[in-house]
2 protein chains.
Amino acid sequence: MLLLSILWYYIGMAINHYHHGDLKNALIAAGLEILSESGIEGLSLRKVAKRVGVSHTAPYNHFADKQALLAAISTVAHQQLYEILLAAFQQHRESSPKIIFEIAWATLQFAMEDPGRYKLMFSHVLEEEIYYPEFIETWRKNIMLLEEIIQCCQEKGQLLKGDVEMIALKVWSSVHGFICLALERQLPQEYLDKQDLQGMLKAVIA
Amino acid sequence: MLLLSILWYYIGMAINHYHHGDLKNALIAAGLEILSESGIEGLSLRKVAKRVGVSHTAPYNHFADKQALLAAISTVAHQQLYEILLAAFQQHRESSPKIIFEIAWATLQFAMEDPGRYKLMFSHVLEEEIYYPEFIETWRKNIMLLEEIIQCCQEKGQLLKGDVEMIALKVWSSVHGFICLALERQLPQEYLDKQDLQGMLKAVIA
DNA sequence: ACCTGAACACCGTTCAAGT
DNA sequence: ACCTGAACACCGTTCAAGT
């Protein structure tokens, strides 16, 4: 019966096109689109399936549940951030006197450009990230890059010496905390009157 | 007919008790309970109503929609944080050599004690906080207290002089960012091996 | 192997009706 | 004024059935 099933599968593939070429990645891409358009609240499994043009139960062939899809979307988003950070680093590592600021600024722009994406990445809708090794791996890649950047800054004398990991934690906490506040529009108006975002970010990571 | 309605109301009040004494606050309290038990995902309007023992449409007499209830719950949570911060400040303002650390530590404990509550307060499920003046007011009270604390630290020489609001922003970003990471368990394991939470917090606000 | 459709238990919200 | 119950459109998830 297994053999028969496989047979049916290939016949299906050959005759009609109801089998999607790469449904898994199509779902992830559609998820990112919806996330960008309607935010994290508007991201439902059924909408994602509908956008791809597939029944609302089809995703369960590729993802155990909604969490698993969110984890996959989040992983891709982390990869996108990695590329942006790397590009910013390569662009400024020689010229800029404040590499860390450039990195922070690039991250802030990445967040503002698509708040839903950023929130998904860090708001941990994922309750048990431990079950998503790819997510963890990509996340760690970003941490490692940050540590590399910090080490570079230390060598250039742009940052104090000291335990790289603790400094990474410190920088990351500040930048992430500030982005959260900016994203949720929780910066008091008086602050906004005084400084623009760029000025505030500078103050935060000073 | 309005008069008749009011008459009915008071007769209803007198005869039976299906009118809740203070449904509005009962809903807020129940919301905080559910939030604490099942997190922000588990907090539904229908569950809150059920816990209070009222029909699932009853909340609409006191709150325009779910957002409005969340705003009210969030406001109460901010008041709770205010009291904790104030208590910590009063306890340590004379004795401690690191007042800011004590405040940050108290906040971290407040967050860990009830992650759902903290997330609701800052994750801005509220899209348009501008429409909830009570929320804004309570939130501002906390900012003002933080600024007062910072000023006190400056006078004691525990903190550098400078624009109080910008320093408040900086401190708050660091602490909030660190709490987010801790809450979402996004601190790399290597970091946790090296330091405990208290040590990391110290490093972050150093 | 991969997809569908019916079904279930849950949501937020509206609205006419009751007291 | 305040509350209820039916109704609607939306969820996530399961499962037997199709190809």
# chains A, B, ... in the order shown; residues from 1 in each chain; ligands from 1
call {"tool": "residues_around", "arguments": {"residues": "Glu134 of chain A", "least_positions_apart": "6", "cutoff": "9 Å", "atoms": "only C-alpha atoms (C1' of nucleotides)", "output": "list in words"}}
result
Ala71, Ala72 and Thr75 of chain A
call {"tool": "interface_residues", "arguments": {"of": "chain D", "to": "chain B", "cutoff": "10 Å", "atoms": "only C-alpha atoms (C1' of nucleotides)", "output": "VMD selection string"}}
result
chain D and resid 1 to 5
call {"tool": "interface_residues", "arguments": {"of": "chain A", "to": "chain B", "cutoff": "8 Å", "atoms": "only C-alpha atoms", "output": "list in words"}}
result
Phe122, Ser123, His124, Arg140, Glu165, Met166, Ile167, Leu169, Lys170, Trp172, Ser173, Ser174, Val175, His176, Gly177, Phe178, Cys180, Leu181, Glu184, Pro188, Tyr191, Met200, Ala203, Val204 and Ile205 of chain A
call {"tool": "write_last_selection", "arguments": {"atoms": "C-alpha atoms", "output": "short mmCIF file (atom, residue, chain, number, x, y, z; two decimals), in the first residue's frame"}}
result
data_model
loop_
_atom_site.label_atom_id
_atom_site.label_comp_id
_atom_site.auth_asym_id
_atom_site.auth_seq_id
_atom_site.Cartn_x
_atom_site.Cartn_y
_atom_site.Cartn_z
CA PHE A 122 12.39 38.47 19.34
CA SER A 123 8.95 38.49 20.93
CA HIS A 124 9.28 34.82 21.16
CA ARG A 140 23.74 32.15 17.26
CA GLU A 165 30.60 38.20 25.52
CA MET A 166 29.60 40.51 28.35
CA ILE A 167 30.12 43.57 26.19
CA LEU A 169 25.32 41.37 25.94
CA LYS A 170 25.49 44.97 27.06
CA TRP A 172 22.71 44.10 22.47
CA SER A 173 20.52 44.82 25.50
CA SER A 174 20.76 48.56 24.92
CA VAL A 175 20.06 48.45 21.24
CA HIS A 176 17.28 45.89 21.50
CA GLY A 177 15.69 47.73 24.42
CA PHE A 178 15.76 50.99 22.55
CA CYS A 180 11.50 47.90 21.47
CA LEU A 181 10.61 51.28 22.90
CA GLU A 184 6.01 50.32 20.43
CA PRO A 188 7.85 59.95 25.73
CA TYR A 191 12.27 62.90 24.35
CA MET A 200 18.79 59.06 20.84
CA ALA A 203 23.09 58.58 23.38
CA VAL A 204 21.94 55.07 24.23
CA ILE A 205 25.06 53.32 23.00
#
call {"tool": "residues_around", "arguments": {"residues": "DG12 of chain D", "least_positions_apart": "5", "cutoff": "9 Å", "atoms": "only C-alpha atoms (C1' of nucleotides)", "output": "list in words"}}
result
Ser44, Leu45, Arg46, Asp65 and Lys66 of chain A; DC10 of chain C
call {"tool": "atom_distance", "arguments": {"atom1": "atom CA of Ile34 of chain A", "atom2": "atom CA of Phe63 of chain B"}}
result
28.9 Å
call {"tool": "residues_around", "arguments": {"residues": "DA7 of chain C", "least_positions_apart": "6", "cutoff": "12 Å", "atoms": "only C-alpha atoms (C1' of nucleotides)", "output": "PyMOL selection string"}}
result
chain D and resi 13-16
call {"tool": "write_last_selection", "arguments": {"atoms": "C-alpha atoms (C1' of nucleotides)", "output": "mmCIF file, in the first residue's frame"}}
result
data_model
loop_
_atom_site.group_PDB
_atom_site.id
_atom_site.type_symbol
_atom_site.label_atom_id
_atom_site.label_comp_id
_atom_site.auth_asym_id
_atom_site.auth_seq_id
_atom_site.Cartn_x
_atom_site.Cartn_y
_atom_site.Cartn_z
ATOM 1 C "C1'" DT D 13 -6.084 21.381 14.797
ATOM 2 C "C1'" DT D 14 -7.613 16.472 13.787
ATOM 3 C "C1'" DC D 15 -8.956 12.937 10.755
ATOM 4 C "C1'" DA D 16 -10.885 10.130 7.213
#
call {"tool": "atom_distance", "arguments": {"atom1": "atom CA of Asp114 of chain B", "atom2": "atom CA of Gly39 of chain B"}}
result
8.5 Å
call {"tool": "select_by_dssp", "arguments": {"residues": "segment 19-163 of chain A", "states": "helix (DSSP H, G or I)", "output": "PyMOL selection string"}}
result
chain A and resi 23-38+40-42+45-52+58-61+66-92+99-113+115-122+129-131+133-155
call {"tool": "residues_around", "arguments": {"residues": "Val164 of chain B", "least_positions_apart": "4", "cutoff": "10 Å", "atoms": "only C-alpha atoms (C1' of nucleotides)", "output": "ChimeraX atom specification"}}
result
/B:146-151,154,160,168-170
call {"tool": "write_last_selection", "arguments": {"atoms": "N, CA and C atoms", "output": "short mmCIF file (atom, residue, chain, number, x, y, z; two decimals), in the first residue's frame"}}
result
data_model
loop_
_atom_site.label_atom_id
_atom_site.label_comp_id
_atom_site.auth_asym_id
_atom_site.auth_seq_id
_atom_site.Cartn_x
_atom_site.Cartn_y
_atom_site.Cartn_z
N LEU B 146 11.67 57.23 37.57
CA LEU B 146 13.00 56.82 37.13
C LEU B 146 13.92 58.04 37.02
N GLU B 147 13.40 59.11 36.48
CA GLU B 147 14.21 60.32 36.36
C GLU B 147 14.61 60.87 37.73
N GLU B 148 13.67 60.79 38.66
CA GLU B 148 13.95 61.24 40.03
C GLU B 148 15.07 60.41 40.64
N ILE B 149 14.98 59.12 40.42
CA ILE B 149 16.00 58.21 40.95
C ILE B 149 17.36 58.53 40.35
N ILE B 150 17.37 58.77 39.05
CA ILE B 150 18.63 59.08 38.38
C ILE B 150 19.24 60.37 38.91
N GLN B 151 18.39 61.33 39.11
CA GLN B 151 18.85 62.62 39.66
C GLN B 151 19.49 62.41 41.03
N GLN B 154 22.84 60.92 40.64
CA GLN B 154 23.81 61.93 40.19
C GLN B 154 24.30 62.76 41.36
N LEU B 160 27.11 59.62 36.31
CA LEU B 160 27.66 60.82 35.69
C LEU B 160 26.59 61.90 35.55
N ALA B 168 18.06 58.57 31.52
CA ALA B 168 16.92 57.70 31.83
C ALA B 168 16.65 56.77 30.64
N LEU B 169 16.68 57.35 29.47
CA LEU B 169 16.45 56.56 28.25
C LEU B 169 17.48 55.45 28.12
N LYS B 170 18.71 55.80 28.41
CA LYS B 170 19.80 54.85 28.29
C LYS B 170 19.67 53.70 29.29
#
call {"tool": "atom_distance", "arguments": {"atom1": "atom CA of Ile28 of chain B", "atom2": "atom CA of Ile73 of chain B"}}
result
5.4 Å
call {"tool": "decode", "arguments": {"residues": "segment 1-16 of chain D", "atoms": "N, CA and C atoms (P, O5', C5', C4', C3', O3' and C1' of nucleotides)", "output": "CSV table (one decimal), in the first residue's frame"}}
result
chain,number,residue,atom,x,y,z
D,1,DA,P,-28.5,54.9,30.4
D,1,DA,O5',-28.3,53.9,31.5
D,1,DA,C5',-27.9,54.3,32.8
D,1,DA,C4',-27.7,53.1,33.6
D,1,DA,C3',-26.4,52.3,33.1
D,1,DA,O3',-25.8,51.8,34.2
D,1,DA,C1',-28.3,50.9,32.7
D,2,DC,P,-24.4,51.1,34.1
D,2,DC,O5',-24.7,49.6,33.9
D,2,DC,C5',-25.3,48.8,34.9
D,2,DC,C4',-25.8,47.5,34.3
D,2,DC,C3',-24.7,46.6,33.7
D,2,DC,O3',-24.5,45.5,34.6
D,2,DC,C1',-26.7,46.6,32.5
D,3,DC,P,-23.4,44.4,34.2
D,3,DC,O5',-24.2,43.4,33.4
D,3,DC,C5',-25.2,42.6,34.2
D,3,DC,C4',-26.0,41.8,33.2
D,3,DC,C3',-25.1,40.7,32.4
D,3,DC,O3',-25.4,39.4,32.9
D,3,DC,C1',-26.8,41.8,31.0
D,4,DT,P,-24.8,38.2,32.1
D,4,DT,O5',-25.9,37.8,31.1
D,4,DT,C5',-27.2,37.5,31.5
D,4,DT,C4',-28.0,37.0,30.3
D,4,DT,C3',-27.4,35.9,29.5
D,4,DT,O3',-28.3,34.8,29.4
D,4,DT,C1',-28.0,37.6,28.0
D,5,DG,P,-27.8,33.3,29.0
D,5,DG,O5',-28.2,33.2,27.5
D,5,DG,C5',-29.5,33.8,27.1
D,5,DG,C4',-29.7,33.6,25.6
D,5,DG,C3',-28.9,32.4,25.0
D,5,DG,O3',-29.7,31.8,24.0
D,5,DG,C1',-28.2,34.4,24.0
D,6,DA,P,-29.2,30.6,23.1
D,6,DA,O5',-29.2,31.2,21.7
D,6,DA,C5',-30.4,32.0,21.3
D,6,DA,C4',-30.2,32.7,20.0
D,6,DA,C3',-29.5,31.8,18.9
D,6,DA,O3',-30.1,32.2,17.6
D,6,DA,C1',-28.1,33.7,19.3
D,7,DA,P,-29.6,31.3,16.3
D,7,DA,O5',-28.6,32.3,15.6
D,7,DA,C5',-28.9,33.7,15.4
D,7,DA,C4',-27.8,34.4,14.8
D,7,DA,C3',-27.0,33.6,13.7
D,7,DA,O3',-26.9,34.3,12.5
D,7,DA,C1',-25.5,34.7,15.3
D,8,DC,P,-26.2,33.6,11.2
D,8,DC,O5',-24.8,34.3,11.2
D,8,DC,C5',-24.8,35.8,11.1
D,8,DC,C4',-23.3,36.3,11.1
D,8,DC,C3',-22.4,35.4,10.2
D,8,DC,O3',-21.7,36.2,9.2
D,8,DC,C1',-21.5,35.6,12.3
D,9,DA,P,-21.1,35.5,7.9
D,9,DA,O5',-19.5,35.9,8.1
D,9,DA,C5',-19.2,37.2,8.6
D,9,DA,C4',-17.8,37.1,9.3
D,9,DA,C3',-16.8,36.2,8.4
D,9,DA,O3',-15.6,36.9,8.4
D,9,DA,C1',-16.9,35.4,10.6
D,10,DC,P,-14.4,36.3,7.5
D,10,DC,O5',-13.5,35.5,8.5
D,10,DC,C5',-12.4,36.2,9.1
D,10,DC,C4',-12.1,35.5,10.4
D,10,DC,C3',-11.0,34.4,10.3
D,10,DC,O3',-9.7,34.9,10.3
D,10,DC,C1',-12.7,34.0,11.9
D,11,DC,P,-8.5,34.2,9.7
D,11,DC,O5',-7.8,33.6,11.0
D,11,DC,C5',-8.2,32.4,11.5
D,11,DC,C4',-7.9,32.2,12.9
D,11,DC,C3',-7.1,30.9,13.1
D,11,DC,O3',-5.8,31.3,13.4
D,11,DC,C1',-9.2,30.9,14.3
D,12,DG,P,-4.7,30.3,12.7
D,12,DG,O5',-4.7,29.1,13.7
D,12,DG,C5',-4.3,29.2,15.0
D,12,DG,C4',-4.5,27.9,15.8
D,12,DG,C3',-3.6,26.8,15.2
D,12,DG,O3',-3.1,26.0,16.3
D,12,DG,C1',-5.9,26.2,15.1
D,13,DT,P,-2.0,24.9,16.0
D,13,DT,O5',-3.0,23.6,15.8
D,13,DT,C5',-4.0,23.4,16.9
D,13,DT,C4',-4.8,22.1,16.5
D,13,DT,C3',-4.0,21.0,15.8
D,13,DT,O3',-4.0,19.8,16.6
D,13,DT,C1',-6.1,21.4,14.8
D,14,DT,P,-3.3,18.5,16.2
D,14,DT,O5',-4.6,17.6,15.7
D,14,DT,C5',-5.8,17.6,16.6
D,14,DT,C4',-6.8,16.6,16.0
D,14,DT,C3',-6.2,15.4,15.4
D,14,DT,O3',-7.0,14.3,15.8
D,14,DT,C1',-7.6,16.5,13.8
D,15,DC,P,-6.7,12.7,15.5
D,15,DC,O5',-7.6,12.4,14.2
D,15,DC,C5',-9.0,12.8,14.2
D,15,DC,C4',-9.6,12.3,12.9
D,15,DC,C3',-8.9,11.1,12.3
D,15,DC,O3',-9.9,10.3,11.7
D,15,DC,C1',-9.0,12.9,10.8
D,16,DA,P,-9.5,8.7,11.5
D,16,DA,O5',-10.5,8.3,10.3
D,16,DA,C5',-11.8,8.8,10.3
D,16,DA,C4',-12.2,9.2,8.9
D,16,DA,C3',-12.0,8.1,7.8
D,16,DA,O3',-13.1,8.0,6.9
D,16,DA,C1',-10.9,10.1,7.2
